[in-house]
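Take a look at the structure below.
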2 protein chains.
Amino acid sequence: MGNDIIKGHLDPLVMAIVEQGPLHGYAIIEELRRRSRGEFDLPEGTVYPALHRLERLGYLSSRWDKSEGRRRRVYVLTRAGAKVLEAKRQEWKGFRSAISAVLDGAGG
Amino acid sequence: MGNDIIKGHLDPLVMAIVEQGPLHGYAIIEELRRRSRGEFDLPEGTVYPALHRLERLGYLSSRWDKSEGRRRRVYVLTRAGAKVLEAKRQEWKGFRSAISAVLDGAGG
DNA sequence: TCTTGACACCTAGGTTCTCTAGGCCTAGGC
DNA sequence: GCCTAGGCCTAGAGAACCTAGGTGTCAAGA
């Protein structure tokens with residue numbers, strides 16, 4: 001529950017997973033679950049459209065892989081994607097400290 | 001730009017502001033901007049509907065105040081709202097560490 | 001053989017959230 | 001009188017995520 005709060009943060013998560021090496025959609029979902037220790041257990045209907053969007057934006061590129069019988073679409077991070085990811089990491093830091101500042105109620 | 005990443009996090013922010021004392025909408029916007037050091041500069045069209053939603057959910061309650069000539073709707077956090085806010089704070093901690101774990105690419 | 005379950009992909013439509021872009025009103029300064 | 005700041009409001013647009021379905025392969029076991 002409360003996967004809703006992921007809104008607006010999914011793209012950098014996916015890009016960060018793919019950053020470490022070519023991966024297909026299904027495996028990305030598993031990696032996301034594993035690295036977040038189960039916090040992000042995302043349905044395919046969330047992740048696949050996100051992958052398509054990121055590819056359309058030029059942040060990921062993909063190719064079909066049939067090496068093991070099953071067909072898989074394998075994604076890699078483009079150079080543009082790497083730049084965007086780095087920017088998103090910075091953005092996240094600012095966002096995180098801003099939220100914490102408000103939630104912790106520091107007077108100013 | 002990038003106020004989009006606030007999606008799903010606005011409610012606890014607003015509740016945390018109101019937690020510290022009765023406040024009206026316009027002042028809540030200013031407090032949010034101040035405490036986040038300018039990070040959250042939200043339009044009225046974002047905050048007012050959120051206040052109405054939170055009141056409808058029973059997390060805030062409001063009364064009209066006319067003590068200074070101008071009419072203002074002043075909000076306070078309900079007991080239910082306080083419980084939800086506490087839960088949201090915990091949720092935020094989990095979310096924050098999960099995002100960081102993924103973005104920092106810790107292998108295991 | 002047939003069924004089941006894991007793997008692997010896809011998308012239409014619904015819901016919900018935030019933002020844009022307006023509108024209304026009062027008070028005070030010029 | 002006019003303008004700005006303070007103060008409230010909402011309809012509709014746009015975007016994101018999820019639900020709920022669909023397709024197909026492969027391996028294990030009844």
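Chains: A, B, ... in order of the structure tokens. Residues: from 1 per chain. Ligands: from 1, in order shown.
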At most 12 Å is the cut-off: for each residue in region 17-36 of chain B with any atom that close to an atom of region 2-24 of chain D, write down the nearest atom pair and the distance in Å rounded to one decimal, counting only C-alpha atoms (C1' of nucleotides), chain first then increasing number, as JSON lines.
{"residue": "B:His24", "atom": "CA", "partner": "D:DG7", "partner_atom": "C1'", "distance": 9.1}
{"residue": "B:Gly25", "atom": "CA", "partner": "D:DG7", "partner_atom": "C1'", "distance": 8.3}
{"residue": "B:Tyr26", "atom": "CA", "partner": "D:DG7", "partner_atom": "C1'", "distance": 6.7}
{"residue": "B:Ala27", "atom": "CA", "partner": "D:DG7", "partner_atom": "C1'", "distance": 9.5}
{"residue": "B:Ile28", "atom": "CA", "partner": "D:DG7", "partner_atom": "C1'", "distance": 11.9}
{"residue": "B:Ile29", "atom": "CA", "partner": "D:DG7", "partner_atom": "C1'", "distance": 11.7}
{"residue": "B:Glu30", "atom": "CA", "partner": "D:DG6", "partner_atom": "C1'", "distance": 11.8}
**OP:** For chain B, report every residue with an atom at most 6 Å from chain A (counting only C-alpha atoms), formatted as a PyMOL selection string.
**Re:** chain B and resi 5+7-8+16+35-36+98+102-103
Subject >> Surrounding residues of DA6 (chain C) excluding itself and chain neighbours under 4 positions, 12 Å, only C-alpha atoms (C1' of nucleotides), as an MDAnalysis selection string >> reply: (chainID A and resid 26) or (chainID D and resid 25:28)
List every residue of chain B that has an atom at most 9 Å from any atom of chain D, and for each one report the closest atom pair and its distance in Å to one decimal, counting only C-alpha atoms (C1' of nucleotides), with rows sorted by chain and then by increasing residue number, as a tab-separated table.
residue	atom	partner	partner_atom	distance
B:Gly25	CA	D:DG7	C1'	8.3
B:Tyr26	CA	D:DG7	C1'	6.7
B:Gly45	CA	D:DT10	C1'	8.6
B:Tyr48	CA	D:DC9	C1'	8.0
B:Pro49	CA	D:DT10	C1'	9.0
B:Arg70	CA	D:DG7	C1'	7.3
B:Arg71	CA	D:DG7	C1'	7.2
B:Arg72	CA	D:DG7	C1'	6.6
B:Arg73	CA	D:DC8	C1'	8.2
Subject >> Test item: chain C residues at most 10 Å from chain B, counting only C-alpha atoms (C1' of nucleotides), as number ranges by chain >> reply: C: 16-21, 25-27
Keeping only N, CA and C atoms (P, O5', C5', C4', C3', O3' and C1' of nucleotides), write the selected residues as a tab-separated table (two decimals), in the first residue's frame.
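Just written: result35.tsv:
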chain	number	residue	atom	x	y	z
C	16	DT	P	-10.19	7.76	-6.75
C	16	DT	O5'	-8.86	8.61	-6.58
C	16	DT	C5'	-7.60	7.96	-6.62
C	16	DT	C4'	-6.53	8.98	-6.89
C	16	DT	C3'	-6.80	10.33	-6.20
C	16	DT	O3'	-5.72	10.58	-5.33
C	16	DT	C1'	-6.12	10.62	-8.47
C	17	DC	P	-5.73	11.82	-4.29
C	17	DC	O5'	-4.62	12.77	-4.89
C	17	DC	C5'	-3.33	12.21	-5.16
C	17	DC	C4'	-2.61	13.09	-6.16
C	17	DC	C3'	-2.54	14.55	-5.72
C	17	DC	O3'	-1.18	14.85	-5.37
C	17	DC	C1'	-3.12	14.32	-8.05
C	18	DT	P	-0.82	16.21	-4.60
C	18	DT	O5'	-0.55	17.20	-5.81
C	18	DT	C5'	0.58	16.98	-6.63
C	18	DT	C4'	0.53	17.86	-7.86
C	18	DT	C3'	0.56	19.37	-7.58
C	18	DT	O3'	1.74	19.90	-8.17
C	18	DT	C1'	-1.09	18.80	-9.22
C	19	DC	P	2.09	21.48	-8.10
C	19	DC	O5'	1.44	22.03	-9.45
C	19	DC	C5'	1.82	21.43	-10.69
C	19	DC	C4'	1.05	22.08	-11.82
C	19	DC	C3'	1.08	23.61	-11.79
C	19	DC	O3'	1.51	24.06	-13.07
C	19	DC	C1'	-1.16	22.81	-12.00
C	20	DT	P	1.73	25.67	-13.32
C	20	DT	O5'	0.55	26.05	-14.34
C	20	DT	C5'	0.13	25.09	-15.29
C	20	DT	C4'	-1.07	25.62	-16.06
C	20	DT	C3'	-1.11	27.13	-16.24
C	20	DT	O3'	-1.60	27.39	-17.54
C	20	DT	C1'	-3.07	26.43	-15.13
C	21	DA	P	-1.50	28.89	-18.14
C	21	DA	O5'	-2.98	29.45	-17.88
C	21	DA	C5'	-4.11	28.62	-18.18
C	21	DA	C4'	-5.35	29.27	-17.62
C	21	DA	C3'	-5.26	30.81	-17.55
C	21	DA	O3'	-6.47	31.36	-18.02
C	21	DA	C1'	-5.90	29.95	-15.48
C	25	DC	P	-17.68	39.94	-6.03
C	25	DC	O5'	-16.75	40.26	-4.78
C	25	DC	C5'	-16.96	39.55	-3.56
C	25	DC	C4'	-15.83	39.87	-2.61
C	25	DC	C3'	-15.62	41.36	-2.36
C	25	DC	O3'	-16.11	41.69	-1.06
C	25	DC	C1'	-13.55	40.16	-2.58
C	26	DT	P	-16.01	43.22	-0.49
C	26	DT	O5'	-14.61	43.26	0.26
C	26	DT	C5'	-14.40	42.41	1.38
C	26	DT	C4'	-13.06	42.75	2.00
C	26	DT	C3'	-12.91	44.23	2.38
C	26	DT	O3'	-12.33	44.28	3.68
C	26	DT	C1'	-11.14	43.58	0.95
C	27	DA	P	-12.26	45.71	4.45
C	27	DA	O5'	-10.73	46.07	4.27
C	27	DA	C5'	-9.74	45.13	4.68
C	27	DA	C4'	-8.36	45.71	4.47
C	27	DA	C3'	-8.25	47.20	4.82
C	27	DA	O3'	-7.06	47.38	5.56
C	27	DA	C1'	-7.59	46.85	2.56
**OP:** Would you please extract all helix (DSSP H, G or I) residues from region 14-86 of chain B, as assigned by DSSP on the backbone, and give them as a count of residues only?
**Re:** 38
**OP:** Once DSSP has gone over the backbone, tell me which residues of region 55-91 of chain A are in strand (DSSP E), as a PyMOL selection string.
**Re:** chain A and resi 60-68+70-77
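With only C-alpha atoms as the basis for measurement, B:Gly58 is the residue among B:Gly58, B:Leu51, B:Asp65, B:Pro22 that approaches Ala80 (chain B) most closely.
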**OP:** Report the distance between CA of Asp11 (chain B) and CA of Leu57 (chain B) in Å, rounded to one decimal place.
**Re:** 11.1 Å
Original post:
If you measure from CA of Arg63 (chain A) to CA of Asp41 (chain A), what distance in Å do you get, rounded to one decimal?
Top reply: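 These two atoms are separated by 24.9 Å.
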